[in-house]
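A.B. asks: Okay, handing you the structure first.
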There are 2 protein chains.
Amino acid sequence: MQRRSLEGSLCPIARSLERVGEWWSMMILRDAFHGLTRFDQFQRSLEIAPNMLTRRLNGLVEAGLLERRRYSARPPRDDYVLTARGRDFWPVMVAMASWGNRHLAHEGIASQVVDAVTGAVAEPVMVDATTGRRLDETGYVFAAGPAADDAVRRRMAFARRQRGPLQREDSLG
Amino acid sequence: MQRRSLEGSLCPIARSLERVGEWWSMMILRDAFHGLTRFDQFQRSLEIAPNMLTRRLNGLVEAGLLERRRYSARPPRDDYVLTARGRDFWPVMVAMASWGNRHLAHEGIASQVVDAVTGAVAEPVMVDATTGRRLDETGYVFAAGPAADDAVRRRMAFARRQRGPLQREDSLG
């Protein structure tokens, strides 16, 4: 590891990355959302070295995103199945796929989110569930929560100074 | 690098990870969204080795998420500023922070998304902009798009078989 551990960090992004921030881990989660469950399925899909795949699967199990389900006693074989915590990672996958489709799909869209029943193509956007307003980076910011420590507060205070006084555009109209 | 390059992959998640999938890159983007722009600011915030930071910043500039703006000619010094493509990565950050807050914030919420003007805490959710429906992993799936190749089609066909026949719950109601 070339980075210090951020176990002590309270930042929810740092913590999430600490658990799933390895490139391989996210690709395994992608495949799990596609229904892959078995070691050899992940291996074929990702062309990943077995020891690396074992390490990543163990990491995702320890982090509570996948769970093992034994499907063969002899030889011992497990399915790796998304837990509730793992399934809840879906919006991150969708957000990443949307960004990739908007900015990196030079040949056109190869994979997209659709309604599971009708097949209608979805247009994924992040909104504030309380107001329904589009959650874009001009109208919303990260701010310290009740459990923030000094490090988080300093970062937020810096960000506030950098932004300067903000005024929502529509508040003028 | 312990992984094969996925430059040839059409999957939008693989491509996104190819550009920003390094743990450090995402932490730099987080700090950029907090208003950090200078090398020494990132270094202090992330406690990252200078050569590693240089490499990551260069990577994000090459990938088009950050751009350099010279603020001092002698010595030559650059600000690193989010481009439109970089700012568009915001929903991924928010999705990751939300997941972290739901599943890893054992001490309580330290950092959260709020309305930039009122400070009201937002509840970030992913919806389908066309219908307004919550974009969860039971009602929506990834499917092949117009530019899909055989590899993508095979993966999607496998996922379809794994899911079996689907029926939306509310279609029974």
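Residue numbers start at 1 in each chain; chains themselves are named A, B, ... in the order of the structure tokens; ligands are numbered from 1 in the order shown.
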I'd like a table as CSV: residues in range 6-106 of chain A with an atom no more than 10 Å from range 20-26 of chain B, each row giving the shortest atom pair and its distance in Å to one decimal, only C-alpha atoms counted, sorted by chain and rising residue number.
C.D. replies:
residue,atom,partner,partner_atom,distance
A:Ile13,CA,B:Met26,CA,8.6
A:Ala14,CA,B:Trp23,CA,8.7
A:Leu17,CA,B:Trp23,CA,6.4
A:Glu18,CA,B:Trp23,CA,8.1
A:Val20,CA,B:Trp23,CA,9.1
A:Gly21,CA,B:Trp23,CA,5.4
A:Glu22,CA,B:Trp23,CA,6.7
A:Trp23,CA,B:Gly21,CA,5.4
A:Trp24,CA,B:Gly21,CA,9.1
A:Met26,CA,B:Gly21,CA,8.7
A:Met96,CA,B:Val20,CA,9.9
A.B. asks: Could you list, as a ChimeraX atom specification, the residues of chain A having an atom within 6 Å of chain B when counting only C-alpha atoms?
C.D. replies: /A:10,12-13,16,21,23,34-35,92,95-97,100-101,108-116,122-129,139-148,159,162
A.B. asks: Could you take the residues named above and write them with N, CA and C atoms, as a compact mmCIF listing (two decimals), in the first residue's frame?
C.D. replies:
# COMPACT_ATOMS: atom_id res chain seq x y z
N LEU A 10 -12.74 10.62 9.32
CA LEU A 10 -14.20 10.61 9.46
C LEU A 10 -14.89 10.89 8.13
N PRO A 12 -16.67 10.46 4.85
CA PRO A 12 -17.38 9.28 4.33
C PRO A 12 -16.86 8.82 2.97
N ILE A 13 -16.25 9.73 2.21
CA ILE A 13 -15.68 9.33 0.92
C ILE A 13 -14.40 8.53 1.17
N SER A 16 -15.34 5.10 2.41
CA SER A 16 -15.86 4.23 1.35
C SER A 16 -14.72 3.72 0.50
N GLY A 21 -12.14 1.01 -2.60
CA GLY A 21 -11.42 1.92 -3.48
C GLY A 21 -10.45 1.24 -4.43
N TRP A 23 -9.49 -0.63 -7.59
CA TRP A 23 -10.06 -0.77 -8.91
C TRP A 23 -10.72 -2.14 -9.08
N HIS A 34 -24.17 -7.87 -12.06
CA HIS A 34 -24.57 -8.57 -13.28
C HIS A 34 -24.94 -10.02 -13.00
N GLY A 35 -24.89 -10.45 -11.74
CA GLY A 35 -25.32 -11.79 -11.41
C GLY A 35 -24.21 -12.81 -11.25
N VAL A 92 -23.58 4.20 -6.65
CA VAL A 92 -22.22 4.58 -7.02
C VAL A 92 -21.88 4.00 -8.40
N ALA A 95 -23.78 6.02 -11.00
CA ALA A 95 -23.19 7.35 -11.17
C ALA A 95 -21.90 7.25 -11.99
N MET A 96 -21.12 6.21 -11.72
CA MET A 96 -19.86 6.05 -12.44
C MET A 96 -20.11 5.69 -13.91
N ALA A 97 -21.08 4.81 -14.14
CA ALA A 97 -21.42 4.43 -15.52
C ALA A 97 -21.95 5.64 -16.30
N GLY A 100 -19.09 7.87 -17.22
CA GLY A 100 -18.33 7.24 -18.30
C GLY A 100 -19.06 7.35 -19.63
N ASN A 101 -20.35 7.15 -19.61
CA ASN A 101 -21.12 7.25 -20.86
C ASN A 101 -21.11 8.68 -21.40
N GLY A 108 -19.95 5.49 -28.84
CA GLY A 108 -21.37 5.38 -28.54
C GLY A 108 -21.56 4.58 -27.26
N ILE A 109 -22.79 4.45 -26.83
CA ILE A 109 -23.11 3.82 -25.56
C ILE A 109 -23.10 2.30 -25.71
N ALA A 110 -22.27 1.63 -24.89
CA ALA A 110 -22.21 0.17 -24.96
C ALA A 110 -23.04 -0.48 -23.87
N SER A 111 -23.25 0.24 -22.78
CA SER A 111 -23.94 -0.33 -21.62
C SER A 111 -24.66 0.81 -20.91
N GLN A 112 -25.90 0.59 -20.57
CA GLN A 112 -26.66 1.67 -19.97
C GLN A 112 -27.71 1.11 -19.02
N VAL A 113 -28.23 1.98 -18.16
CA VAL A 113 -29.23 1.55 -17.18
C VAL A 113 -30.61 1.64 -17.82
N VAL A 114 -31.35 0.55 -17.72
CA VAL A 114 -32.71 0.50 -18.28
C VAL A 114 -33.68 -0.02 -17.24
N ASP A 115 -34.94 0.29 -17.43
CA ASP A 115 -36.03 -0.28 -16.63
C ASP A 115 -36.01 -1.79 -16.81
N ALA A 116 -35.97 -2.53 -15.69
CA ALA A 116 -35.82 -3.99 -15.76
C ALA A 116 -36.99 -4.66 -16.44
N ALA A 122 -33.04 4.60 -18.89
CA ALA A 122 -33.18 5.56 -17.80
C ALA A 122 -32.17 6.69 -17.96
N GLU A 123 -32.50 7.83 -17.39
CA GLU A 123 -31.56 8.94 -17.36
C GLU A 123 -31.23 9.21 -15.89
N PRO A 124 -30.14 8.59 -15.40
CA PRO A 124 -29.84 8.67 -13.97
C PRO A 124 -29.39 10.07 -13.55
N VAL A 125 -30.07 10.62 -12.58
CA VAL A 125 -29.65 11.89 -11.97
C VAL A 125 -29.78 11.78 -10.46
N MET A 126 -28.95 12.57 -9.79
CA MET A 126 -28.98 12.60 -8.33
C MET A 126 -29.87 13.77 -7.92
N VAL A 127 -30.82 13.50 -7.04
CA VAL A 127 -31.68 14.56 -6.53
C VAL A 127 -31.70 14.52 -5.01
N ASP A 128 -32.15 15.63 -4.44
CA ASP A 128 -32.40 15.69 -3.01
C ASP A 128 -33.82 15.15 -2.78
N ALA A 129 -33.91 13.99 -2.10
CA ALA A 129 -35.22 13.35 -1.93
C ALA A 129 -36.20 14.25 -1.19
N GLY A 139 -25.39 24.03 -6.41
CA GLY A 139 -26.42 24.30 -5.40
C GLY A 139 -26.17 23.60 -4.08
N TYR A 140 -25.27 22.59 -4.08
CA TYR A 140 -25.05 21.81 -2.87
C TYR A 140 -23.56 21.70 -2.58
N VAL A 141 -23.25 21.58 -1.31
CA VAL A 141 -21.85 21.44 -0.89
C VAL A 141 -21.77 20.42 0.25
N PHE A 142 -20.54 19.95 0.50
CA PHE A 142 -20.33 19.14 1.70
C PHE A 142 -20.15 20.08 2.89
N ALA A 143 -20.76 19.72 4.01
CA ALA A 143 -20.62 20.51 5.22
C ALA A 143 -20.41 19.56 6.40
N ALA A 144 -19.86 20.09 7.47
CA ALA A 144 -19.61 19.28 8.66
C ALA A 144 -20.91 18.78 9.25
N GLY A 145 -20.95 17.53 9.67
CA GLY A 145 -22.09 16.97 10.37
C GLY A 145 -21.84 16.95 11.87
N PRO A 146 -22.80 16.42 12.62
CA PRO A 146 -22.70 16.44 14.09
C PRO A 146 -21.45 15.74 14.63
N ALA A 147 -20.95 14.72 13.93
CA ALA A 147 -19.80 13.97 14.45
C ALA A 147 -18.47 14.45 13.89
N ALA A 148 -18.45 15.62 13.25
CA ALA A 148 -17.22 16.13 12.64
C ALA A 148 -16.16 16.39 13.70
N ALA A 159 -13.13 25.29 2.56
CA ALA A 159 -13.98 25.23 1.37
C ALA A 159 -14.93 26.43 1.35
N GLN A 162 -13.08 29.48 0.25
CA GLN A 162 -12.77 29.43 -1.18
C GLN A 162 -13.98 29.81 -2.03
A.B. asks: Just how far from CA of Arg56 in chain B is CA of Ile28 in chain A, in Å to one decimal?
C.D. replies: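 Computing the Euclidean distance for CA of Ile28 in chain A and CA of Arg56 in chain B yields 23.6 Å.
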A.B. asks: From a DSSP calculation on the backbone, collect every residue of range 91-152 of chain A in strand (DSSP E) and output the set as a list in words.
C.D. replies: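 Checking each residue of range 91-152 of chain A, the strand (DSSP E) ones are Ser111, Gln112, Val113, Val114, Asp115, Pro124, Val125, Met126, Val127, Asp128, Tyr140, Val141, Phe142, Ala143 and Ala144 of chain A.
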